[in-house]
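Comments concern the structure below.
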Protein chains: 2
Amino acid sequence: MALAHTILATLGDEAYSGYDLWKKFSQTKACYWQASQQQIYRELGKLEKEEAIDSEIIAQKGRPAKKIYQITDKGIEKLKNWVLEPAEPMAIREDLLVKVISAHLAPKSVILQEIERHRQIHTQQLSVYKEIEQQNFPDVSKLSYKQKCIYATLRCGIGYESYRISWCDEAISLLSEETSK
Amino acid sequence: MALAHTILATLGDEAYSGYDLWKKFSQTKACYWQASQQQIYRELGKLEKEEAIDSEIIAQKGRPAKKIYQITDKGIEKLKNWVLEPAEPMAIREDLLVKVISAHLAPKSVILQEIERHRQIHTQQLSVYKEIEQQNFPDVSKLSYKQKCIYATLRCGIGYESYRISWCDEAISLLSEETSK
DNA sequence: ATAGTATACTAAACAAATTGAGTATGTCAA
DNA sequence: TTGACATACTCAATTTGTTTAGTATACTAT
């Protein structure tokens with residue numbers, strides 16, 4: 001599965017501790033992979049066992065020591081082989097939509113407010129991505145191939161949040177209408 | 001979790017067997033919930049144990065007998081309570097994007113062809129949804145509230161596939177460009 | 001005849017994800 | 001000095017999802 005590979009890909013650029021990875025995931029990686037702290041620590045343990053990564057303990061002043069991980073040649077090989085395999089599109093499992101098809105069981109305002117709440121969440125996330133875009137990708141024409149790849153994932157996140165916001169607007173408008181039946 | 005609730009919501013309209021539900025899931029439910037046959041059968045077993053649904057075995061001519069399930073009052077109550085709770089936005093875990101950030105490990109054509117393949121998958125799914133839209137929702141103004149809710153989920157699926165196609169186009173264009181660096 | 005496909009369901013092992021409880025250190029503000 | 005928060009990591013239980021392997025009936029095309 002791809003959590004291992006996302007970690008490998010991230011460690012390909014720089015050494016990170018589990019905690020650093022977790023923060024990275026909740027920030028810039030969020031547009032394509034979400035994982036909890038526990039998942040990341042467990043996966044790091046597994047990857048170290050199979051020697052795809054190795055670790056080093058770094059003492060810090062004024063902070064607990066941290067264990068930073070580096071990708072090994074074996075890990076690079078593993079990642080490379082995986083990239084060559086075809087990827088399945090993500091499975092859609094959207095709780096909100098299950099609630100929408102069950103919406104008639106509750107007062108109309110419940111689902112409308114919930115969609116509005118989601119609209120806000122996606123608007124917030126979109127502004128985070130747009131901020132990253134402005135800060136890190138001011139001039140697309142000057143990007144290296146590797147940077148373009150990262151930028152493409154950010155654009156995917158921006159597209160996703162925009163699509164979600166549009167759908168929320170459409171759904172609110174559709175479900176707010178007066179219905180004779 | 002929502003597989004149980006998706007099943008309950010589906011059984012709210014009509015009695016289905018596990019096999020029927022599975023087909024329903026791979027067709028019209030696909031825009032908001034995906035589940036395998038095995039998952040559905042297991043979930044049905046659980047739901048029956050907790051008396052949210054009950055079953056009846058129906059003999060058929062020229063086919064194996066089937067076990068059809070109906071929602072109980074307890075099940076309706078369970079679904080209703082769940083609808084009132086807030087829903088978390090779906091976690092994004094998109095293998096393709098992990099491959100995109102690792103794309104520099106393979107020849108450029110590998111990732112471009114893979115994105116093109118995904119573009120085709122999403123184009124195919126979009127046309128399925130549009131066909132359903134034309135067949136089942138020719139006149140939105142005549143829909144009941146309950147039907148509008150179902151239609152809203154279809155519109156979400158249509159929006160999703162459209163967004164995916166647009167992103168594939170953008171990514172192919174971005175990554176195909178000549179890069180000096 | 002038999003191979004392939006569709007219907008209809010069960011079981012079990014395994015992998016991945018979630019949830020909750022802990023441990024420990026250090027900063028900062030009330 | 002107490003409580004909240006951030007850093008940094010571990011362990012265990014449970015749920016959810018995937019994979020593989022079955023059983024069994026019946027239709028259809030070769």
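Identifiers in the structure tokens: chain A, B, ... in order shown; residue index from 1 per chain; ligand index from 1 in order shown.
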Using only C-alpha atoms (C1' of nucleotides) and a cut-off of 10 Å, which residues of chain A sit close to chain C? Please list them as a ChimeraX atom specification. /A:1,3,35-36,38-39,61-65
Dump of C-alpha atoms for the selected residues, as an mmCIF file, in the first residue's frame:
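Generated file (result08.cif):
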```
data_model
loop_
_atom_site.group_PDB
_atom_site.id
_atom_site.type_symbol
_atom_site.label_atom_id
_atom_site.label_comp_id
_atom_site.auth_asym_id
_atom_site.auth_seq_id
_atom_site.Cartn_x
_atom_site.Cartn_y
_atom_site.Cartn_z
ATOM 1 C CA MET A 1 0.000 0.000 0.000
ATOM 2 C CA LEU A 3 1.497 4.964 3.001
ATOM 3 C CA ALA A 35 -2.363 9.373 7.894
ATOM 4 C CA SER A 36 -2.398 9.533 11.667
ATOM 5 C CA GLN A 38 0.238 6.155 14.948
ATOM 6 C CA GLN A 39 0.042 4.921 11.394
ATOM 7 C CA LYS A 61 18.532 21.129 23.282
ATOM 8 C CA GLY A 62 15.354 21.993 25.079
ATOM 9 C CA ARG A 63 13.402 19.203 23.373
ATOM 10 C CA PRO A 64 13.108 15.428 23.572
ATOM 11 C CA ALA A 65 15.571 13.521 21.379
#
```
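Selecting strand (DSSP E) from the backbone DSSP output for chain B yields Tyr16, Ser17, Ile53, Asp54, Ser55, Glu56, Ile57, Ile58, Ala59, Gln60, Arg63, Pro64, Ala65, Lys66, Lys67, Ile68, Tyr69, Gln70 and Ile71 of chain B.
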Report, in Å with one decimal, the straight-line distance from CA of Tyr160 in chain B to CA of Leu174 in chain B. 20.8 Å
DSSP on the backbone: what in chain B comes out helix (DSSP H, G or I), as a VMD selection string? chain B and resid 2 to 11 18 to 26 28 to 31 37 to 49 73 to 84 95 to 101 103 to 105 108 to 136 140 to 142 145 to 176
Output as an mmCIF file with C-alpha atoms (C1' of nucleotides), in the first residue's frame the set of chain D residues within 10 Å of chain A, with distances taken over only C-alpha atoms (C1' of nucleotides).
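Result written to out_8.cif:
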```cif
data_model
loop_
_atom_site.group_PDB
_atom_site.id
_atom_site.type_symbol
_atom_site.label_atom_id
_atom_site.label_comp_id
_atom_site.auth_asym_id
_atom_site.auth_seq_id
_atom_site.Cartn_x
_atom_site.Cartn_y
_atom_site.Cartn_z
ATOM 1 C "C1'" DA D 6 3.994 21.465 21.654
ATOM 2 C "C1'" DT D 7 7.456 18.003 20.938
ATOM 3 C "C1'" DA D 8 8.475 13.045 20.517
ATOM 4 C "C1'" DC D 9 7.383 8.396 20.813
ATOM 5 C "C1'" DT D 10 5.101 3.497 22.173
#
```
So that I can see what lies close to Gln134 in chain A, please list as a PDB file with N, CA, C and O atoms, in the first residue's frame the residues with an atom at most 12 Å from it, counting only C-alpha atoms (C1' of nucleotides) and leaving out residues fewer than 6 positions away in the same chain.
```
ATOM      1  N   SER A 127      -7.964  27.816   0.812  1.00  0.00           N
ATOM      2  CA  SER A 127      -7.147  29.010   1.029  1.00  0.00           C
ATOM      3  C   SER A 127      -5.747  28.623   1.527  1.00  0.00           C
ATOM      4  O   SER A 127      -4.761  29.291   1.206  1.00  0.00           O
ATOM      5  N   VAL A 128      -5.668  27.531   2.265  1.00  0.00           N
ATOM      6  CA  VAL A 128      -4.351  27.018   2.688  1.00  0.00           C
ATOM      7  C   VAL A 128      -3.532  26.630   1.458  1.00  0.00           C
ATOM      8  O   VAL A 128      -2.371  27.023   1.319  1.00  0.00           O
ATOM      9  N   VAL A 140       5.590  29.242 -12.468  1.00  0.00           N
ATOM     10  CA  VAL A 140       5.543  27.838 -12.897  1.00  0.00           C
ATOM     11  C   VAL A 140       6.583  27.545 -13.973  1.00  0.00           C
ATOM     12  O   VAL A 140       7.161  26.459 -14.014  1.00  0.00           O
ATOM     13  N   TYR A 151       4.095  20.332  -7.743  1.00  0.00           N
ATOM     14  CA  TYR A 151       3.095  21.363  -8.046  1.00  0.00           C
ATOM     15  C   TYR A 151       1.809  20.730  -8.597  1.00  0.00           C
ATOM     16  O   TYR A 151       0.703  21.152  -8.255  1.00  0.00           O
ATOM     17  N   LEU A 154      -0.336  19.654  -5.813  1.00  0.00           N
ATOM     18  CA  LEU A 154      -0.986  20.803  -5.177  1.00  0.00           C
ATOM     19  C   LEU A 154      -2.177  21.275  -6.010  1.00  0.00           C
ATOM     20  O   LEU A 154      -3.252  21.565  -5.479  1.00  0.00           O
ATOM     21  N   ARG A 155      -1.986  21.303  -7.325  1.00  0.00           N
ATOM     22  CA  ARG A 155      -3.082  21.690  -8.228  1.00  0.00           C
ATOM     23  C   ARG A 155      -4.249  20.714  -8.090  1.00  0.00           C
ATOM     24  O   ARG A 155      -5.409  21.097  -8.229  1.00  0.00           O
TER      25      ARG A 155
END
```
For Glu116 in chain A, work out the shell of residues within 10 Å, counting only C-alpha atoms (C1' of nucleotides) and skipping chain neighbours fewer than 2 positions away, then give it as a ChimeraX atom specification. /A:110-114,118-122,165,168-169,171-172
List as a list in words the protein and nucleic acid residues near Ile101 in chain B, meaning an atom at most 8 Å away when only C-alpha atoms (C1' of nucleotides) are counted, but skip any in the same chain fewer than 6 places from it. Ala9, Lys146, Cys149, Ile150 and Thr153 of chain A
Close residues, Leu105 in chain A itself excluded, 12 Å, only C-alpha atoms (C1' of nucleotides), min 5 positions apart in chain, as number ranges by chain: A: 99-100, 110-111; B: 9, 12, 76-84, 145-146, 149
Kindly export the residues of the current selection with C-alpha atoms, as a PDB file, in the first residue's frame.
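The resulting file, selection19.pdb, is reproduced below:
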```
ATOM      1  CA  LYS A  99     -26.269  11.362   5.052  1.00  0.00           C
ATOM      2  CA  VAL A 100     -27.673  13.213   2.058  1.00  0.00           C
ATOM      3  CA  VAL A 110     -29.897  19.492   9.557  1.00  0.00           C
ATOM      4  CA  ILE A 111     -28.508  18.465   6.193  1.00  0.00           C
TER       5      ILE A 111
ATOM      6  CA  ALA B   9     -30.350   3.680   3.800  1.00  0.00           C
ATOM      7  CA  GLY B  12     -35.031   1.840   3.608  1.00  0.00           C
ATOM      8  CA  ILE B  76     -34.392   3.175  11.115  1.00  0.00           C
ATOM      9  CA  GLU B  77     -33.715   4.641  14.542  1.00  0.00           C
ATOM     10  CA  LYS B  78     -30.013   3.814  14.239  1.00  0.00           C
ATOM     11  CA  LEU B  79     -29.805   5.461  10.813  1.00  0.00           C
ATOM     12  CA  LYS B  80     -31.730   8.524  11.946  1.00  0.00           C
ATOM     13  CA  ASN B  81     -29.454   9.101  14.948  1.00  0.00           C
ATOM     14  CA  TRP B  82     -26.420   8.773  12.752  1.00  0.00           C
ATOM     15  CA  VAL B  83     -27.731  11.336  10.257  1.00  0.00           C
ATOM     16  CA  LEU B  84     -27.922  13.883  13.071  1.00  0.00           C
ATOM     17  CA  TYR B 145     -37.282  16.095  -1.912  1.00  0.00           C
ATOM     18  CA  LYS B 146     -36.131  12.511  -1.503  1.00  0.00           C
ATOM     19  CA  CYS B 149     -31.301  14.121  -2.392  1.00  0.00           C
TER      20      CYS B 149
END
```
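Taking CA of Ala152 in chain B as the reference point, CA of Ser173 in chain A is found at 10.1 Å.
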